[in-house]
>>> print(open('upload_9.txt').read())   # compact mmCIF, C-alpha atoms
# COMPACT_ATOMS: atom_id res chain seq x y z
CA MET F 836 0.00 0.00 0.00
CA ASN F 837 1.53 3.33 -1.04
CA TRP F 838 1.32 6.61 0.90
CA GLN F 839 -1.35 8.02 -1.40
CA THR F 840 -3.68 5.15 -0.58
CA VAL F 841 -3.09 5.59 3.15
CA LEU F 842 -3.68 9.34 2.84
CA LEU F 843 -6.83 8.75 0.79
CA ILE F 844 -8.23 6.46 3.50
CA VAL F 845 -7.40 9.02 6.23
CA HIS F 846 -8.96 11.76 4.07
CA GLY F 847 -12.07 9.60 3.73
CA LEU F 848 -12.27 8.97 7.46
CA PHE F 849 -12.08 12.68 8.26
CA ALA F 850 -14.70 13.31 5.57
CA VAL F 851 -17.04 10.77 7.20
CA ALA F 852 -16.62 12.46 10.59
CA LEU F 853 -17.25 15.87 9.01
CA LEU F 854 -20.29 14.55 7.16
CA GLY F 855 -21.79 13.18 10.36
CA ALA F 856 -21.11 16.33 12.36
CA ILE F 857 -22.42 18.83 9.79
CA THR F 858 -25.50 16.68 9.08
CA HIS F 859 -26.32 16.47 12.80
CA GLN F 860 -25.88 20.22 13.18
CA ALA F 861 -27.88 21.07 10.05
CA ALA F 862 -30.73 18.81 11.15
CA ALA F 863 -30.67 20.37 14.62
CA VAL F 864 -30.78 23.93 13.30
CA LEU F 865 -33.20 23.42 10.40
CA LEU F 866 -35.56 20.91 12.03
CA PRO F 867 -35.16 21.38 15.78
CA ALA F 868 -36.67 18.50 17.74
CA SER F 869 -39.22 18.92 20.47
CA ARG F 870 -37.67 17.70 23.70
CA PRO F 871 -37.53 15.08 24.97
CA ALA F 872 -37.00 13.36 21.65
CA GLY F 873 -38.06 9.75 21.69
CA SER F 874 -37.37 8.38 18.22
CA PHE F 875 -34.03 7.84 16.51
CA VAL F 876 -34.75 10.67 14.07
CA GLY F 877 -35.85 12.91 16.91
CA ARG F 878 -32.67 12.28 18.86
CA PHE F 879 -30.64 12.85 15.67
CA ARG F 880 -32.19 16.33 15.44
CA ALA F 881 -31.95 17.06 19.15
CA VAL F 882 -28.18 17.50 19.37
CA PRO F 883 -26.84 20.83 20.70
CA GLY F 884 -25.66 22.56 17.52
CA PRO F 885 -23.14 24.97 19.12
CA SER F 886 -21.05 22.12 20.51
CA TYR F 887 -20.27 20.97 16.95
CA VAL F 888 -18.89 24.27 15.62
CA ASN F 889 -15.19 24.00 16.50
CA ALA F 890 -15.08 20.33 15.53
CA ILE F 891 -16.65 21.09 12.15
CA VAL F 892 -14.21 23.92 11.42
CA VAL F 893 -11.21 21.74 12.34
CA LEU F 894 -12.54 18.72 10.43
CA TYR F 895 -13.24 20.86 7.36
CA LEU F 896 -9.73 22.33 7.41
CA VAL F 897 -8.01 18.97 7.94
CA THR F 898 -10.12 17.28 5.27
CA ALA F 899 -9.45 20.13 2.82
CA VAL F 900 -5.69 20.07 3.46
CA LEU F 901 -5.54 16.28 2.99
CA GLY F 902 -7.65 16.62 -0.16
CA GLY F 903 -5.32 19.35 -1.38
CA VAL F 904 -2.32 17.07 -0.94
CA LEU F 905 -4.07 14.22 -2.75
CA TYR F 906 -5.20 16.54 -5.53
CA THR F 907 -1.75 16.43 -7.15
CA GLU F 908 -2.03 12.65 -7.44
CA TYR F 909 -5.53 13.00 -8.87
CA ARG F 910 -4.32 15.51 -11.46
CA ILE F 911 -1.64 13.19 -12.79
CA GLY F 912 -2.99 9.69 -12.23
CA VAL F 913 -6.78 9.94 -12.24
CA ARG F 914 -7.93 12.93 -14.27
CA THR F 915 -6.00 11.76 -17.31
CA VAL F 916 -7.81 8.42 -17.22
CA VAL F 917 -11.18 10.08 -16.68
CA GLU F 918 -10.53 12.27 -19.72
CA GLN F 919 -9.38 9.35 -21.85
CA LEU F 920 -12.53 7.43 -20.94
CA GLY F 921 -14.63 10.46 -21.86
CA LEU F 922 -16.32 10.55 -18.45
CA TRP F 923 -17.11 14.25 -18.77
CA PRO F 924 -19.85 14.52 -16.13
CA ALA F 925 -17.55 12.88 -13.59
CA HIS F 926 -14.75 15.23 -14.62
CA GLY F 927 -17.05 18.25 -14.31
CA ALA F 928 -18.36 17.05 -10.96
CA PHE F 929 -14.81 16.94 -9.62
CA GLU F 930 -14.07 20.41 -10.98
CA LEU F 931 -17.15 21.59 -9.10
CA LYS F 932 -15.91 19.75 -6.00
CA GLU F 933 -12.72 21.79 -5.94
CA HIS F 934 -14.75 25.01 -6.28
CA PHE F 935 -17.20 23.90 -3.58
CA ALA F 936 -14.32 23.15 -1.22
CA ALA F 937 -12.72 26.53 -1.93
CA ILE F 938 -15.92 28.53 -1.41
CA GLY F 939 -16.59 26.58 1.80
CA LEU F 940 -13.17 27.55 3.13
CA GLY F 941 -14.06 31.21 2.67
CA LEU F 942 -17.29 30.77 4.61
CA LEU F 943 -15.69 29.21 7.69
CA PRO F 944 -14.95 32.48 9.58
CA ALA F 945 -18.52 33.72 9.08
CA TYR F 946 -19.95 30.32 10.00
CA TRP F 947 -17.86 30.20 13.18
CA TYR F 948 -18.75 33.76 14.10
CA CYS F 949 -22.48 33.26 13.54
CA TRP F 950 -22.57 30.27 15.85
CA ARG F 951 -20.38 31.81 18.52
CA PHE F 952 -21.38 35.43 18.85
CA THR F 953 -24.30 36.73 16.84
CA GLY F 954 -28.02 36.54 17.30
CA GLU F 955 -28.46 35.82 13.60
CA PRO F 956 -30.42 32.56 13.58
CA ARG F 957 -31.38 32.77 9.92
CA THR F 958 -27.82 33.40 8.68
CA ARG F 959 -26.56 30.69 11.02
CA ALA F 960 -29.08 28.20 9.66
CA VAL F 961 -28.42 29.04 6.01
CA LEU F 962 -24.63 28.96 6.40
CA THR F 963 -24.87 25.58 8.14
CA ALA F 964 -27.13 24.19 5.41
CA PHE F 965 -24.81 25.64 2.75
CA LEU F 966 -21.77 23.96 4.29
CA ALA F 967 -23.74 20.71 4.64
CA VAL F 968 -24.56 20.75 0.91
CA ILE F 969 -20.88 21.40 0.10
CA VAL F 970 -19.70 18.56 2.33
CA TRP F 971 -22.28 16.12 0.94
CA TRP F 972 -21.47 17.01 -2.68
CA ASN F 973 -17.74 16.70 -2.10
CA PHE F 974 -18.10 13.42 -0.24
CA LEU F 975 -20.26 11.80 -2.92
CA VAL F 976 -18.18 13.08 -5.85
CA GLY F 977 -14.96 11.97 -4.16
CA HIS F 978 -16.49 8.56 -3.57
CA ILE F 979 -17.62 8.24 -7.20
CA LEU F 980 -14.22 9.33 -8.57
CA ASN F 981 -12.51 6.88 -6.25
CA ASN F 982 -14.75 4.12 -7.59
CA ILE F 983 -13.81 5.07 -11.15
CA ARG F 984 -10.11 5.11 -10.49
CA GLY F 985 -8.90 4.51 -6.95
CA PHE F 986 -5.29 5.13 -6.07
CA GLY F 987 -2.75 2.39 -6.08
CA VAL F 988 -4.48 0.63 -9.00
CA MET X 1269 -12.94 38.40 15.56
CA LYS X 1270 -15.23 41.27 14.56
CA PRO X 1271 -18.41 40.60 12.56
CA ALA X 1272 -17.23 43.01 9.85
CA PHE X 1273 -14.14 40.87 9.28
CA ALA X 1274 -16.14 37.65 8.97
CA ILE X 1275 -18.69 39.17 6.58
CA VAL X 1276 -16.22 41.08 4.39
CA PHE X 1277 -13.79 38.13 4.29
CA ALA X 1278 -16.51 35.74 3.08
CA VAL X 1279 -17.84 38.14 0.45
CA VAL X 1280 -14.48 39.30 -0.93
CA TYR X 1281 -13.06 35.77 -0.86
CA ALA X 1282 -15.94 34.40 -2.98
CA VAL X 1283 -15.80 37.28 -5.47
CA VAL X 1284 -12.01 37.16 -5.85
CA TYR X 1285 -12.06 33.37 -6.16
CA VAL X 1286 -14.52 33.53 -9.06
CA VAL X 1287 -12.55 36.31 -10.78
CA SER X 1288 -9.31 34.36 -10.23
CA VAL X 1289 -10.77 31.18 -11.73
CA LEU X 1290 -12.35 32.88 -14.74
CA ASN X 1291 -9.26 35.00 -15.54
CA ASN X 1292 -6.62 32.65 -14.09
CA TYR X 1293 -5.18 35.06 -11.54
CA ALA X 1294 -3.21 32.37 -9.71
CA LEU X 1295 -0.62 33.68 -7.26
CA PHE X 1296 1.53 30.68 -8.08
CA THR X 1297 1.51 27.53 -10.18
CA TYR X 1298 2.23 23.99 -9.06
CA HIS X 1299 3.82 21.47 -11.41
CA PRO X 1300 2.83 18.07 -9.97
CA ALA X 1301 4.94 15.98 -12.34
CA ILE X 1302 8.16 17.53 -11.05
CA ALA X 1303 6.86 18.72 -7.64
CA GLU X 1304 7.81 22.35 -8.25
CA PHE X 1305 6.15 25.66 -7.50
CA GLY X 1306 6.48 28.66 -9.76
CA ALA X 1307 5.49 32.28 -9.21
CA GLY X 1308 2.41 33.53 -11.02
CA VAL X 1309 0.73 31.72 -13.90
CA GLN X 1310 3.05 29.35 -15.75
CA LYS X 1311 2.59 26.74 -18.45
CA GLY X 1312 2.96 23.09 -17.48
CA LYS X 1313 6.45 21.66 -17.15
CA ASP X 1314 6.79 17.96 -18.00
CA GLY X 1315 3.07 17.58 -17.37
CA PRO X 1316 0.01 19.55 -16.35
CA ALA X 1317 0.07 22.82 -14.41
CA MET X 1318 -2.15 23.25 -11.35
CA TYR X 1319 -3.58 26.69 -10.56
CA TRP X 1320 -6.14 25.85 -7.84
CA TYR X 1321 -3.70 26.41 -4.97
CA GLY X 1322 -2.73 29.74 -6.53
CA TRP X 1323 -6.39 30.80 -6.83
CA LEU X 1324 -6.89 29.93 -3.16
CA ALA X 1325 -3.84 31.98 -2.15
CA THR X 1326 -4.94 34.98 -4.23
CA SER X 1327 -8.43 34.87 -2.72
CA ALA X 1328 -7.26 34.34 0.87
CA ILE X 1329 -4.75 37.20 0.77
CA VAL X 1330 -7.10 39.74 -0.82
CA ALA X 1331 -9.96 38.71 1.48
CA SER X 1332 -7.74 38.90 4.58
CA VAL X 1333 -6.62 42.42 3.70
CA ALA X 1334 -10.20 43.53 2.96
CA GLY X 1335 -11.46 41.92 6.17
CA ALA X 1336 -8.72 43.51 8.26
CA LEU X 1337 -9.53 46.93 6.78
CA ALA X 1338 -13.22 46.42 7.54
CA ALA X 1339 -12.37 45.39 11.10
CA VAL X 1340 -10.55 48.65 11.84
CA LEU X 1341 -13.35 50.82 10.48
CA PRO X 1342 -15.58 52.43 13.11
CA GLU X 1343 -18.57 50.28 14.01
CA SER X 1344 -20.94 52.92 12.69
CA ALA X 1345 -19.52 52.35 9.21
CA THR X 1346 -19.98 48.57 9.24
CA ARG X 1347 -23.18 48.23 11.26
CA ARG X 1348 -25.32 48.00 8.15
CA LEU X 1349 -23.39 45.06 6.69
CA TRP X 1350 -25.98 42.34 6.22
CA PRO X 1351 -24.61 38.95 7.41
CA GLY X 1352 -26.74 37.22 4.79
CA LEU X 1353 -24.37 38.58 2.15
CA THR X 1354 -21.96 35.81 3.16
CA TRP X 1355 -24.09 32.96 1.87
CA LEU X 1356 -25.79 34.97 -0.87
CA VAL X 1357 -22.53 35.94 -2.58
CA ALA X 1358 -21.15 32.40 -2.09
CA LEU X 1359 -24.29 30.98 -3.69
CA VAL X 1360 -23.98 33.31 -6.69
CA ALA X 1361 -20.27 32.45 -6.95
CA LEU X 1362 -21.03 28.72 -7.10
CA ALA X 1363 -23.76 29.33 -9.68
CA VAL X 1364 -21.29 31.25 -11.88
CA LEU X 1365 -18.66 28.52 -11.51
CA ALA X 1366 -21.21 25.78 -12.25
CA TYR X 1367 -22.32 27.66 -15.37
CA ASP X 1368 -18.69 27.96 -16.42
CA LEU X 1369 -18.38 24.16 -16.20
CA ARG X 1370 -21.64 23.43 -18.04
CA GLN X 1371 -19.86 21.96 -21.06
CA PHE X 1372 -18.84 18.91 -19.00
CA PHE X 1373 -22.48 18.08 -18.30
CA LEU X 1374 -23.78 18.79 -21.79
CA LYS X 1375 -21.41 16.53 -23.75
>>> encode(input="upload_9.txt", output="structure tokens")
Amino acid sequence: MNWQTVLLIVHGLFAVALLGAITHQAAAVLLPASRPAGSFVGRFRAVPGPSYVNAIVVLYLVTAVLGGVLYTEYRIGVRTVVEQLGLWPAHGAFELKEHFAAIGLGLLPAYWYCWRFTGEPRTRAVLTAFLAVIVWWNFLVGHILNNIRGFGV
Amino acid sequence: MKPAFAIVFAVVYAVVYVVSVLNNYALFTYHPAIAEFGAGVQKGKDGPAMYWYGWLATSAIVASVAGALAAVLPESATRRLWPGLTWLVALVALAVLAYDLRQFFLK
């Protein structure tokens, strides 16, 4: 197993943690549960959103940095194959993934500030949902691209 | 952190990122085949050139400067900054970038 494969697995694990955290928080802020929540879905929505903020910022940054390191390998070893196979939607989806990740990075200070200091519930909710969409898109596209051409093949 | 910094950073970052992508204003270029960085926009050496890191750097630096300037302005000057601009501008930025990539989904 080469270092790229190890890094890809670590990147994936951080992405899973980020996906879980941001989904919990988005559900809690968009569909707050009436307490006490009895069902599984109710308890999923009943988490305290503010306690997730720092973890989400750190997980986003770590996942983005690891993705940035792996991106060089993708550019040489994967994108060329995707182009040769004519998988244009997959190629375009990955191009969007890099833009989604970049725009998400720029939103992190505002997201953190909204959760920590301001009484701006609507902005807080929309920013959280926005980041959740970014994380879900990037996770699914990364997964699809890895299925097309995983590292170490 | 002041709210003006967070709002201005997010807005300027998204705008500069889109402008950087569309006009290729990368602060630096990375050549993955030979693991070398080069200043500004360069053509590929022994393989493809990567500009994404350079676009990120351009956006982060410009947005940091703009945010810092906004943070030192008197509060009366920044009180009317609407926090919703953060997600609204980011949403428009992603729409522009998605439109720019439309050819991949129409082939």
>>> interface_residues(input="upload_9.txt", of="chain F", to="chain X", cutoff="10 Å", atoms="all atoms listed in the file", output="PyMOL selection string")
chain F and resi 903+906-911+915+921-928+930-931+933-935+937-949+952-953+955+957-959+961-966
>>> write_last_selection(input="upload_9.txt", atoms="C-alpha atoms", output="compact mmCIF listing (two decimals), keeping the file's coordinate frame")
# COMPACT_ATOMS: atom_id res chain seq x y z
CA GLY F 903 -5.32 19.35 -1.38
CA TYR F 906 -5.20 16.54 -5.53
CA THR F 907 -1.75 16.43 -7.15
CA GLU F 908 -2.03 12.65 -7.44
CA TYR F 909 -5.53 13.00 -8.87
CA ARG F 910 -4.32 15.51 -11.46
CA ILE F 911 -1.64 13.19 -12.79
CA THR F 915 -6.00 11.76 -17.31
CA GLY F 921 -14.63 10.46 -21.86
CA LEU F 922 -16.32 10.55 -18.45
CA TRP F 923 -17.11 14.25 -18.77
CA PRO F 924 -19.85 14.52 -16.13
CA ALA F 925 -17.55 12.88 -13.59
CA HIS F 926 -14.75 15.23 -14.62
CA GLY F 927 -17.05 18.25 -14.31
CA ALA F 928 -18.36 17.05 -10.96
CA GLU F 930 -14.07 20.41 -10.98
CA LEU F 931 -17.15 21.59 -9.10
CA GLU F 933 -12.72 21.79 -5.94
CA HIS F 934 -14.75 25.01 -6.28
CA PHE F 935 -17.20 23.90 -3.58
CA ALA F 937 -12.72 26.53 -1.93
CA ILE F 938 -15.92 28.53 -1.41
CA GLY F 939 -16.59 26.58 1.80
CA LEU F 940 -13.17 27.55 3.13
CA GLY F 941 -14.06 31.21 2.67
CA LEU F 942 -17.29 30.77 4.61
CA LEU F 943 -15.69 29.21 7.69
CA PRO F 944 -14.95 32.48 9.58
CA ALA F 945 -18.52 33.72 9.08
CA TYR F 946 -19.95 30.32 10.00
CA TRP F 947 -17.86 30.20 13.18
CA TYR F 948 -18.75 33.76 14.10
CA CYS F 949 -22.48 33.26 13.54
CA PHE F 952 -21.38 35.43 18.85
CA THR F 953 -24.30 36.73 16.84
CA GLU F 955 -28.46 35.82 13.60
CA ARG F 957 -31.38 32.77 9.92
CA THR F 958 -27.82 33.40 8.68
CA ARG F 959 -26.56 30.69 11.02
CA VAL F 961 -28.42 29.04 6.01
CA LEU F 962 -24.63 28.96 6.40
CA THR F 963 -24.87 25.58 8.14
CA ALA F 964 -27.13 24.19 5.41
CA PHE F 965 -24.81 25.64 2.75
CA LEU F 966 -21.77 23.96 4.29
>>> residues_around(input="upload_9.txt", residues="stretch 975-986 of chain F", least_positions_apart="6", cutoff="9 Å", atoms="only C-alpha atoms", output="ChimeraX atom specification")
/F:837,839-840,843,847,908-909,912-914,916-917,925-926,928-929,932
>>> atom_distance(input="upload_9.txt", atom1="atom CA of F:Ala868", atom2="atom CA of F:Asn973")
27.5 Å
>>> closest_residue(input="upload_9.txt", among="F:Gln919, F:Asn889, F:Ser869, F:Thr898", to="F:Arg951", atoms="only C-alpha atoms")
F:Asn889
>>> atom_distance(input="upload_9.txt", atom1="atom CA of F:Leu894", atom2="atom CA of F:Ala863")
18.7 Å
>>> atom_distance(input="upload_9.txt", atom1="atom CA of F:Pro885", atom2="atom CA of X:Val1340")
27.8 Å
